[in-house]
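Q: Here's a structure for you.
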Amino acid sequence: MPLVCLGLSHHTAPVDVRERHAFPPSRMGESLAALRDYPTVREAAMLATCGRLEIYAELEDYESGVAQLKSFLNNFRHGSVDYPLDDYLYTLLGNQAIEHLFRVSTGLDSMLIGEAEILGQVKDAYVQAQKAGSLGKTLHRLFREALNAGKAARSQTAIGDESTSISTAAIELAKARLGTLDGKSVVVIGAGKMGRIAVKRLRSEGASDLVVINRTMGRAQELIAEVGFGHAIDMPGLTEALAAADIAITSTGASHFVLDVRNVGEAMRARPDRPLFVVDIAVPRDADPAIAEIPNVSLVDIDGLRDVVDEKIEGRRAAIPQVEEIIAEFVERFGHWYRSRLAVPVIASLTQKAEAIRNAEIERLLNRCPDLSEREKMLIVGMSMTIVSRLLHSTVTRIREKAVHNHAEALSHARVLDELFELNIADAVAGLLPQLAGLDVEE
């Protein structure tokens with residue numbers, strides 16, 4: 001039962017590929033339910049952001065399980081594709097998958113190193129999988145540890161210093177293109193997390209006029225009320241707002257183009273000599289690439305922010321070695337827990353058998369001595385529990401140590417205990433070995 005990560009990200013796939021495999025939040029429950037129905041998938045969670053789509057899963061069998069995960073991605077894609085998906089996918093096994101999730105949660109694998117949003121996105125993936133019932137003990141523990149690793153990195157290092165995010169990088173790029181935002185009119189399309197960050201930053205950058213457009217008018221109004229700046233309009237007013245804008249920043253969850261040749265072209269006909277700079281930070285993209293062909297329209301998508309991002313994160317690079325030390329500690333801790341599961345059926349069966357014998361003998365003794373006081377009964381019961389605990393202590397400790405450091409010897413010990421105490425657990429323990437061995441894969 002190997003632990004794997006199958007995914008694509010900004011490292012391996014351009015935005016036009018990533019958007020074809022984006023999973024909107026509204027479909028996450030349905031998607032996880034479908035994943036859970038694949039016969040080799042024991043547990044699964046999905047991490048979907050603007051920069052990545054990753055499936056973390058514990059599988060019955062590696063080869064058939066990965067094939068089923070790929071089949072799932074093909075079945076749930078947005079329309080047909082004209083490229084081999086395998087060209088953009090990576091598959092990580094065992095320790096590689098564990099370390100990768102910790103690198104993601106600490107921000108080391110993000111396009112913007114140390115971005116604050118990723119920790120919340122990992123938490124959302126964890127919560128969604130919990131709601132869908134697709135988590136078991138392994139992924140529950142893994143995601144909890146990933147969240148703890150991310151929190152430790154942000155509190156103990158400078159990896160999250162400054163307020164740079166994808167949204168603020170978009171604003172930095174706009175400033176670089178236009179020189180300043182003073183006196184500029186800006187349209188922000190989408191009142192979600194990215195839009196909120198952009199709006200708050202725009203106020204401090206001196207933008208003179210702000211329009212927030214959202215599919216749900218109420219959310220746009222709430223954001224305007226929160227920052228005390230700008231005004232909200234609904235989607236039908238988009239073209240008119242673009243006609244008055246110098247900059248448009250768009251980040252919605254729409255599955256179709258929000259900005260297209262029709263509405264942007266109509267807006268530009270009303271102001272043919274005035275440039276419009278569009279920054280699209282959505283995945284799937286909000287802006288049709290064809291709008292860049294309209295005179296005086298400039299378009300940058302999320303992958304086009306790389307140069308700005310590289311400049312803004314120089315101060316964070318010095319923190320990377322510290323974060324990697326934190327990751328190594330969490331990987332080792334999780335690995336110890338994962339390997340120690342070999343000892344669980346042995347310890348549980350041995351303890352249950354000893355406790356059953358102790359209970360039976362105590363009950364027989366107390367029946368034969370009905371005149372004992374309650375205090376005397378408590379002393380006898382307590383003594384019997386102490387005897388059992390001390391008798392089993394060294395065995396339990398040793399089997400746990402062997403489970404972590406020497407699988408083969410731990411299995412040998414389990415078989416001896418099974419034979420001596422008739423525990424009937426050797427087969428169950430042997431079944432754990434393939435998945436534990438997966439943690440040792442290094443490529």
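Letters A, B, ... mark the chains of the structure tokens in the order given; residue numbers begin at 1 per chain; ligand numbers begin at 1, in order shown.
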Extract the full set of strand (DSSP E) residues from stretch 184-311 of chain A according to DSSP on the backbone, and format it as a count of residues only.

A: 29

Q: With a distance cut-off of 9 Å and only C-alpha atoms, select the neighbouring residues of stretch 185-197 of chain A, excluding the residue or stretch itself and same-chain residues fewer than 3 positions from it, and output the selection as an mmCIF file with N, CA and C atoms, in the first residue's frame.

A:
```cif
data_model
loop_
_atom_site.group_PDB
_atom_site.id
_atom_site.type_symbol
_atom_site.label_atom_id
_atom_site.label_comp_id
_atom_site.auth_asym_id
_atom_site.auth_seq_id
_atom_site.Cartn_x
_atom_site.Cartn_y
_atom_site.Cartn_z
ATOM 1 N N GLU A 117 -0.436 32.231 1.057
ATOM 2 C CA GLU A 117 -1.697 31.581 0.711
ATOM 3 C C GLU A 117 -1.624 30.060 0.722
ATOM 4 N N SER A 165 2.714 38.496 -2.446
ATOM 5 C CA SER A 165 1.866 37.384 -2.852
ATOM 6 C C SER A 165 1.692 37.491 -4.360
ATOM 7 N N ILE A 166 0.993 36.538 -4.950
ATOM 8 C CA ILE A 166 0.735 36.610 -6.397
ATOM 9 C C ILE A 166 -0.008 37.903 -6.733
ATOM 10 N N SER A 167 -0.960 38.274 -5.871
ATOM 11 C CA SER A 167 -1.722 39.510 -6.120
ATOM 12 C C SER A 167 -0.829 40.736 -6.049
ATOM 13 N N THR A 168 0.022 40.795 -5.036
ATOM 14 C CA THR A 168 0.893 41.970 -4.911
ATOM 15 C C THR A 168 1.959 41.979 -5.999
ATOM 16 N N LEU A 181 1.053 54.094 -9.722
ATOM 17 C CA LEU A 181 -0.397 53.887 -9.730
ATOM 18 C C LEU A 181 -1.136 55.136 -9.297
ATOM 19 N N ASP A 182 -0.397 56.186 -8.932
ATOM 20 C CA ASP A 182 -1.043 57.433 -8.532
ATOM 21 C C ASP A 182 -1.934 57.936 -9.652
ATOM 22 N N LYS A 200 -6.625 45.646 -1.136
ATOM 23 C CA LYS A 200 -5.985 46.267 0.025
ATOM 24 C C LYS A 200 -4.659 46.913 -0.360
ATOM 25 N N ARG A 201 -3.919 46.254 -1.247
ATOM 26 C CA ARG A 201 -2.633 46.807 -1.660
ATOM 27 C C ARG A 201 -2.823 48.034 -2.563
ATOM 28 N N LEU A 202 -3.831 48.006 -3.416
ATOM 29 C CA LEU A 202 -4.058 49.112 -4.341
ATOM 30 C C LEU A 202 -4.327 50.423 -3.612
ATOM 31 N N ALA A 207 -3.836 54.325 -5.982
ATOM 32 C CA ALA A 207 -4.800 54.285 -7.084
ATOM 33 C C ALA A 207 -5.954 55.255 -6.783
ATOM 34 N N SER A 208 -6.343 56.043 -7.768
ATOM 35 C CA SER A 208 -7.355 57.080 -7.520
ATOM 36 C C SER A 208 -8.774 56.546 -7.577
ATOM 37 N N ASP A 209 -8.971 55.506 -8.367
ATOM 38 C CA ASP A 209 -10.335 54.988 -8.522
ATOM 39 C C ASP A 209 -10.275 53.464 -8.594
ATOM 40 N N LEU A 210 -11.145 52.820 -7.860
ATOM 41 C CA LEU A 210 -11.176 51.357 -7.820
ATOM 42 C C LEU A 210 -12.594 50.864 -8.038
ATOM 43 N N VAL A 211 -12.717 49.896 -8.920
ATOM 44 C CA VAL A 211 -13.991 49.222 -9.149
ATOM 45 C C VAL A 211 -13.787 47.739 -8.888
ATOM 46 N N VAL A 212 -14.639 47.150 -8.050
ATOM 47 C CA VAL A 212 -14.605 45.710 -7.789
ATOM 48 C C VAL A 212 -15.836 45.093 -8.433
ATOM 49 N N ILE A 213 -15.599 44.107 -9.278
ATOM 50 C CA ILE A 213 -16.683 43.406 -9.967
ATOM 51 C C ILE A 213 -16.650 41.946 -9.546
ATOM 52 N N ASN A 214 -17.804 41.427 -9.184
ATOM 53 C CA ASN A 214 -17.879 40.022 -8.762
ATOM 54 C C ASN A 214 -19.204 39.444 -9.215
ATOM 55 N N ARG A 215 -19.196 38.133 -9.432
ATOM 56 C CA ARG A 215 -20.437 37.469 -9.842
ATOM 57 C C ARG A 215 -21.525 37.680 -8.793
ATOM 58 N N THR A 216 -21.142 37.644 -7.523
ATOM 59 C CA THR A 216 -22.080 37.917 -6.437
ATOM 60 C C THR A 216 -21.848 39.345 -5.963
ATOM 61 N N ARG A 219 -20.644 40.137 -2.223
ATOM 62 C CA ARG A 219 -19.241 39.958 -1.817
ATOM 63 C C ARG A 219 -18.391 41.148 -2.235
ATOM 64 N N ALA A 220 -18.669 41.692 -3.406
ATOM 65 C CA ALA A 220 -17.939 42.879 -3.852
ATOM 66 C C ALA A 220 -18.227 44.059 -2.931
ATOM 67 N N GLU A 222 -19.120 43.889 0.216
ATOM 68 C CA GLU A 222 -18.472 43.624 1.510
ATOM 69 C C GLU A 222 -16.999 44.013 1.474
ATOM 70 N N LEU A 223 -16.335 43.696 0.356
ATOM 71 C CA LEU A 223 -14.918 44.026 0.233
ATOM 72 C C LEU A 223 -14.705 45.537 0.201
ATOM 73 N N MET A 235 -21.547 42.148 -12.783
ATOM 74 C CA MET A 235 -20.908 41.737 -14.023
ATOM 75 C C MET A 235 -21.425 42.442 -15.282
ATOM 76 N N LEU A 238 -19.250 45.276 -16.644
ATOM 77 C CA LEU A 238 -17.834 45.029 -16.876
ATOM 78 C C LEU A 238 -17.276 45.866 -18.033
ATOM 79 N N ALA A 241 -16.843 49.465 -17.190
ATOM 80 C CA ALA A 241 -15.750 49.665 -16.229
ATOM 81 C C ALA A 241 -14.399 49.575 -16.930
ATOM 82 N N LEU A 242 -14.259 48.633 -17.862
ATOM 83 C CA LEU A 242 -13.003 48.496 -18.602
ATOM 84 C C LEU A 242 -12.722 49.737 -19.441
ATOM 85 N N ALA A 244 -13.159 52.693 -18.710
ATOM 86 C CA ALA A 244 -12.651 53.792 -17.890
ATOM 87 C C ALA A 244 -11.367 53.439 -17.157
ATOM 88 N N ALA A 245 -10.865 52.222 -17.333
ATOM 89 C CA ALA A 245 -9.763 51.728 -16.502
ATOM 90 C C ALA A 245 -8.413 51.860 -17.194
ATOM 91 N N ASP A 246 -7.367 51.980 -16.359
ATOM 92 C CA ASP A 246 -5.990 51.888 -16.838
ATOM 93 C C ASP A 246 -5.448 50.472 -16.635
ATOM 94 N N ILE A 247 -5.926 49.819 -15.591
ATOM 95 C CA ILE A 247 -5.435 48.486 -15.212
ATOM 96 C C ILE A 247 -6.631 47.604 -14.874
ATOM 97 N N ALA A 248 -6.570 46.344 -15.302
ATOM 98 C CA ALA A 248 -7.557 45.348 -14.893
ATOM 99 C C ALA A 248 -6.810 44.152 -14.316
ATOM 100 N N ILE A 249 -7.158 43.786 -13.089
ATOM 101 C CA ILE A 249 -6.582 42.604 -12.433
ATOM 102 C C ILE A 249 -7.717 41.615 -12.228
ATOM 103 N N THR A 250 -7.577 40.429 -12.779
ATOM 104 C CA THR A 250 -8.685 39.486 -12.726
ATOM 105 C C THR A 250 -8.285 38.167 -12.096
ATOM 106 N N SER A 251 -9.134 37.695 -11.185
ATOM 107 C CA SER A 251 -8.900 36.419 -10.499
ATOM 108 C C SER A 251 -10.234 35.862 -10.026
ATOM 109 N N THR A 252 -10.940 35.198 -10.915
ATOM 110 C CA THR A 252 -12.226 34.595 -10.559
ATOM 111 C C THR A 252 -12.095 33.079 -10.616
ATOM 112 N N GLY A 253 -13.147 32.400 -10.241
ATOM 113 C CA GLY A 253 -13.171 30.948 -10.348
ATOM 114 C C GLY A 253 -13.958 30.478 -11.555
ATOM 115 N N VAL A 258 -13.641 35.438 -18.851
ATOM 116 C CA VAL A 258 -14.412 36.594 -18.396
ATOM 117 C C VAL A 258 -14.111 37.805 -19.273
ATOM 118 N N ILE A 281 -4.446 36.580 -13.078
ATOM 119 C CA ILE A 281 -3.807 35.668 -12.121
ATOM 120 C C ILE A 281 -4.705 34.480 -11.800
ATOM 121 N N ALA A 282 -5.672 34.233 -12.660
ATOM 122 C CA ALA A 282 -6.595 33.115 -12.439
ATOM 123 C C ALA A 282 -6.131 31.873 -13.174
#
```

Q: Go through A:Asp260, A:Ile302, A:Ile347, A:Gly107 and flag the residue nearest A:Asp280, using only C-alpha atoms for the distances.

A: A:Ile302

Q: Atom CA of A:Gly335 to atom CA of A:Thr138: how many Å, to one decimal?

A: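 These atoms are spaced 10.9 Å apart.
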
Q: For a test of reading the model, state the distance in Å between atom CA of A:Gln221 and atom CA of A:Glu240, rounded to one decimal.

A: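 Separating atom CA of A:Gln221 from atom CA of A:Glu240 is a distance of 18.2 Å.
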